[in-house]
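Here is the structure we will look at.
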Amino acid sequence: MSSVVWVDAVEPDEAVAAAGSKIGRLADLHRAGVEVPQGFAVTVDAYRRHCTDAGLDARIDAVLAAVGAEPSEAEVETASAAIRELFVATPMSEALAAEIVDAYEELCVRCVDVNVPTAVRSSATGEDAADASFAGIFDTYLGVSGAPRVLDAIRACWGSLFTGRALAYRLRKGISHHDMPIAVGVIELIHARASGVAFSVHPVTGKPDRVVIETSWGWGEAIVQGVVDPDHIEVGKADGRVLRYDVAHKAIVSAFDFADGRVTEVEMPARLADRKVLDDEQVGAVVAAVTAIEEHYGYPVDVEWVISRHRRAGDGICIVQSRPVTVTAEEPTVVAYDPVALAQKYVFSGKPVPGR
């Protein structure tokens, strides 16, 4: 049984079950003709086999049994740290590691690069469902290059199934971690000229007549972490007219540190700080992609996108993530947008970056 599935090859009816919600959706978008990065997923079955073969299941269950049904916040955090350390300290089998290394080397060949930098993304089953509360609470590591670091990041992503927030939510809802296994995507890191998030409805008012874009230079982590004030753009869906474009003073940029081999936050070059990020053609390309994804799924979406430094006018933009925008049942015109949850992203530095 293969432990790896490729975004451009996994069968549509198997994608989410094998690769989790996040990577499964990328595979679906690829088949729909949307531009997405190259990459593969370490499957849900690989995670389950690792937990069984390495004896992790029994040790995790023992930690959880000790906290009881209604643990305190401190007890949850202690259990979370103990379980995550188990994943860090427990090596993969030689066979599984070899299969992942082979896939990473194949990705390098496809990208025509040596030690291609990647985004290693947790992709739990059900995390991006329209009624889920898990968005943003599992780990993503950006700029991971070289097979040994990729393997380490995958194990860290497996462990993030047991973050304090995820664990507390499952305990409160009576959901077993056995019923929510996790896959991990290893995705080409697009060399970003600019990036951002876009909503096919207004994320505060829920108005469906516009696309809302937030953007900055470089990678989008500075935006989702809340450490940069992005440009804010609103575009009418009916005619593509830019309704507003607020240029922010952008003090921080997420950039690739070639010496350290990771994406990190640095001071924005002065000439870019107050410069408009997107021109009209680029705004139109973002809007076209977001509205096409909304039409494909039939519900409002929250999309993370990247404009490659090699993109030319008229080309598409690259979609790196898409999820539903959740609308509350009590107030159907108001979108339940949680910027703190969205901010729970991680850069591959071994430590989480604080959110807003």
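Order determines the names: the first chain of the structure tokens is A, the second B, and so forth; residues in each chain are numbered 1 upward, and ligands are numbered 1 upward as they are shown.
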For Met92 (chain A): contacts at 8 Å, only C-alpha atoms, fewer than 5 positions along chain excluded, given as a PyMOL selection string: chain A and resi 50+54+97
Skipping near chain neighbours, those fewer than 3 positions away, what residues fall within 12 Å of Ala81 (chain A) using only C-alpha atoms, listed as a VMD selection string? chain A and resid 60 63 to 64 74 to 78 84 to 88 156 159 to 165 167
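Reported to one decimal place, the separation of CA of His178 (chain A) from CA of Ala79 (chain A) is 16.3 Å.
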Helix (DSSP H, G or I) positions in region 67-296 of chain A, given as a ChimeraX atom specification: /A:67,73-89,94-111,147-162,164-173,177-179,221-224,270-273,280-296
Restrict the selected residues to C-alpha atoms and save them as a short mmCIF file (atom, residue, chain, number, x, y, z; two decimals), in the first residue's frame.
data_model
loop_
_atom_site.label_atom_id
_atom_site.label_comp_id
_atom_site.auth_asym_id
_atom_site.auth_seq_id
_atom_site.Cartn_x
_atom_site.Cartn_y
_atom_site.Cartn_z
CA VAL A 67 -6.38 13.63 31.86
CA GLU A 73 -6.55 24.01 30.49
CA ALA A 74 -3.18 23.34 32.12
CA GLU A 75 -3.77 19.58 32.02
CA VAL A 76 -4.68 19.76 28.33
CA GLU A 77 -1.51 21.71 27.52
CA THR A 78 0.62 19.25 29.50
CA ALA A 79 -0.95 16.30 27.66
CA SER A 80 -0.50 18.10 24.33
CA ALA A 81 3.20 18.70 24.97
CA ALA A 82 3.75 15.08 26.04
CA ILE A 83 2.06 13.65 22.95
CA ARG A 84 3.82 16.01 20.54
CA GLU A 85 7.15 15.05 22.06
CA LEU A 86 6.30 11.39 21.41
CA PHE A 87 6.01 12.16 17.69
CA VAL A 88 9.26 14.12 17.65
CA ALA A 89 11.14 11.36 19.47
CA GLU A 94 13.12 2.73 7.28
CA ALA A 95 10.63 1.68 4.61
CA LEU A 96 8.31 4.66 5.18
CA ALA A 97 11.20 7.13 5.35
CA ALA A 98 12.65 5.72 2.12
CA GLU A 99 9.31 6.09 0.31
CA ILE A 100 8.97 9.72 1.41
CA VAL A 101 12.58 10.54 0.50
CA ASP A 102 12.04 9.02 -2.94
CA ALA A 103 8.93 11.18 -3.43
CA TYR A 104 10.80 14.31 -2.32
CA GLU A 105 13.61 13.57 -4.76
CA GLU A 106 11.03 13.11 -7.51
CA LEU A 107 9.53 16.50 -6.57
CA CYS A 108 12.99 18.05 -6.94
CA VAL A 109 13.23 16.55 -10.43
CA ARG A 110 9.78 17.87 -11.37
CA CYS A 111 10.71 21.35 -10.12
CA ALA A 147 15.07 15.21 2.83
CA PRO A 148 16.09 15.06 6.54
CA ARG A 149 14.28 18.30 7.35
CA VAL A 150 11.23 17.21 5.37
CA LEU A 151 11.01 14.02 7.44
CA ASP A 152 11.31 16.01 10.67
CA ALA A 153 8.62 18.46 9.57
CA ILE A 154 6.24 15.61 8.67
CA ARG A 155 6.56 14.13 12.17
CA ALA A 156 6.00 17.59 13.67
CA CYS A 157 2.85 17.97 11.56
CA TRP A 158 1.60 14.57 12.75
CA GLY A 159 2.10 15.75 16.31
CA SER A 160 0.14 18.93 15.62
CA LEU A 161 -3.03 16.83 15.55
CA PHE A 162 -2.63 17.16 19.32
CA GLY A 164 -3.77 22.20 22.89
CA ARG A 165 -6.63 23.81 20.95
CA ALA A 166 -7.32 20.73 18.84
CA LEU A 167 -7.15 18.41 21.83
CA ALA A 168 -9.43 20.61 23.95
CA TYR A 169 -11.98 20.84 21.14
CA ARG A 170 -12.08 17.08 20.60
CA LEU A 171 -12.39 16.38 24.32
CA ARG A 172 -15.20 18.92 24.61
CA LYS A 173 -17.06 17.45 21.62
CA HIS A 177 -8.43 11.31 17.65
CA HIS A 178 -8.72 7.85 16.05
CA ASP A 179 -11.68 9.23 14.06
CA GLU A 221 2.62 34.22 6.31
CA ALA A 222 3.12 37.79 7.50
CA ILE A 223 -0.55 38.39 6.67
CA VAL A 224 -2.02 35.31 8.33
CA ALA A 270 11.64 51.12 2.34
CA ARG A 271 10.82 51.42 -1.37
CA LEU A 272 8.16 48.71 -1.09
CA ALA A 273 6.60 49.62 2.26
CA ASP A 280 -5.39 46.19 -12.10
CA GLU A 281 -4.46 43.14 -14.17
CA GLN A 282 -3.26 41.23 -11.10
CA VAL A 283 -6.36 42.19 -9.10
CA GLY A 284 -8.46 40.85 -11.98
CA ALA A 285 -6.52 37.59 -11.99
CA VAL A 286 -7.10 37.08 -8.26
CA VAL A 287 -10.81 37.84 -8.60
CA ALA A 288 -11.14 35.48 -11.58
CA ALA A 289 -9.51 32.64 -9.65
CA VAL A 290 -11.55 33.16 -6.49
CA THR A 291 -14.89 33.44 -8.28
CA ALA A 292 -14.09 30.35 -10.37
CA ILE A 293 -13.37 28.38 -7.18
CA GLU A 294 -16.61 29.62 -5.60
CA GLU A 295 -18.54 28.54 -8.70
CA HIS A 296 -16.80 25.17 -8.67
#
Selection: 6 Å around region 11-26 of chain A, only C-alpha atoms, excl. self and same-chain fewer than 2 positions, as a PyMOL selection string: chain A and resi 28-29+41+43-44+123-126+128+183
Take the selection from the previous step and output its residues with N, CA and C atoms, as a PDB file, in the first residue's frame.
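The new file again.pdb reads:
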ATOM      1  N   ASP A  28      -8.425  18.337  -6.039  1.00  0.00           N
ATOM      2  CA  ASP A  28      -9.690  18.596  -6.720  1.00  0.00           C
ATOM      3  C   ASP A  28      -9.585  19.844  -7.598  1.00  0.00           C
ATOM      4  N   LEU A  29      -8.962  20.902  -7.064  1.00  0.00           N
ATOM      5  CA  LEU A  29      -8.807  22.130  -7.841  1.00  0.00           C
ATOM      6  C   LEU A  29      -7.921  21.900  -9.064  1.00  0.00           C
ATOM      7  N   ALA A  41       1.291  14.074  -0.960  1.00  0.00           N
ATOM      8  CA  ALA A  41       0.842  13.943   0.423  1.00  0.00           C
ATOM      9  C   ALA A  41       1.301  12.617   0.993  1.00  0.00           C
ATOM     10  N   THR A  43       0.095   9.930   3.265  1.00  0.00           N
ATOM     11  CA  THR A  43      -1.330   9.646   3.417  1.00  0.00           C
ATOM     12  C   THR A  43      -1.772   9.420   4.853  1.00  0.00           C
ATOM     13  N   VAL A  44      -3.086   9.463   5.012  1.00  0.00           N
ATOM     14  CA  VAL A  44      -3.720   9.112   6.279  1.00  0.00           C
ATOM     15  C   VAL A  44      -3.327   7.696   6.697  1.00  0.00           C
ATOM     16  N   SER A 123      -2.762  18.164   7.025  1.00  0.00           N
ATOM     17  CA  SER A 123      -4.000  18.049   6.262  1.00  0.00           C
ATOM     18  C   SER A 123      -4.875  16.994   6.914  1.00  0.00           C
ATOM     19  N   ALA A 124      -5.527  17.384   8.004  1.00  0.00           N
ATOM     20  CA  ALA A 124      -6.362  16.441   8.746  1.00  0.00           C
ATOM     21  C   ALA A 124      -7.677  16.208   8.018  1.00  0.00           C
ATOM     22  N   THR A 125      -8.256  15.045   8.203  1.00  0.00           N
ATOM     23  CA  THR A 125      -9.561  14.767   7.620  1.00  0.00           C
ATOM     24  C   THR A 125     -10.601  15.623   8.329  1.00  0.00           C
ATOM     25  N   GLY A 126     -11.411  16.346   7.538  1.00  0.00           N
ATOM     26  CA  GLY A 126     -12.495  17.130   8.119  1.00  0.00           C
ATOM     27  C   GLY A 126     -12.110  18.500   8.617  1.00  0.00           C
ATOM     28  N   ASP A 128     -11.250  21.285   7.148  1.00  0.00           N
ATOM     29  CA  ASP A 128     -11.753  22.440   6.410  1.00  0.00           C
ATOM     30  C   ASP A 128     -13.204  22.257   5.977  1.00  0.00           C
ATOM     31  N   ALA A 183      -3.163  13.567   7.342  1.00  0.00           N
ATOM     32  CA  ALA A 183      -2.181  13.424   6.267  1.00  0.00           C
ATOM     33  C   ALA A 183      -1.283  14.660   6.304  1.00  0.00           C
TER      34      ALA A 183
END
Which of region 109-315 of chain A fall in strand (DSSP E), as a PyMOL selection string: chain A and resi 118-124+140-144+182-188+192-199+210-217+231-236+242-246+252-257+262-267+301-308
Using only C-alpha atoms, which protein or nucleic acid residues come within 6 Å of region 297-309 of chain A? Drop anything in the same chain fewer than 6 positions from it, and give the result as a list in words.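 My list of contacting residues is His191, Ala192, Arg193, Ala194, Ser195, Gly196, Val197, Ala198, Phe199, Ser200, Ile317, Cys318, Ile319, Val320, Gln321, Ser322, Arg323, Pro324 and Val325 of chain A.
From CA of Thr215 (chain A) back to CA of Tyr245 (chain A), the distance works out to 10.8 Å.
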Between A:Val277, A:Val4, A:Ile190, A:Ala69, smallest distance to His310 (chain A) by only C-alpha atoms belongs to A:Ile190
Check the smallest atom-to-atom distance from each of A:Ile187, A:Gly316, A:Thr118, A:Arg244 to Gly33 (chain A) using only C-alpha atoms, then report the winner. A:Gly316
Taking only C-alpha atoms into account, name the residue in A:Met180, A:Ala58, A:Ile137, A:Ala119 that is nearest to Asp45 (chain A).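 Using only C-alpha atoms, the shortest distance to Asp45 (chain A) belongs to A:Met180.
Taking CA of Lys237 (chain A) and CA of Ser254 (chain A) as endpoints, the distance between them is 29.7 Å.
For the set A:Gly218, A:Pro71, A:Gly226, A:Gly236, the residue with the smallest atom-to-atom gap to Val253 (chain A) is A:Gly218, counting only C-alpha atoms.
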Ala9 (chain A) surroundings by only C-alpha atoms, 8 Å radius, close-in-sequence under 3 positions cut, as a count of residues only: 3
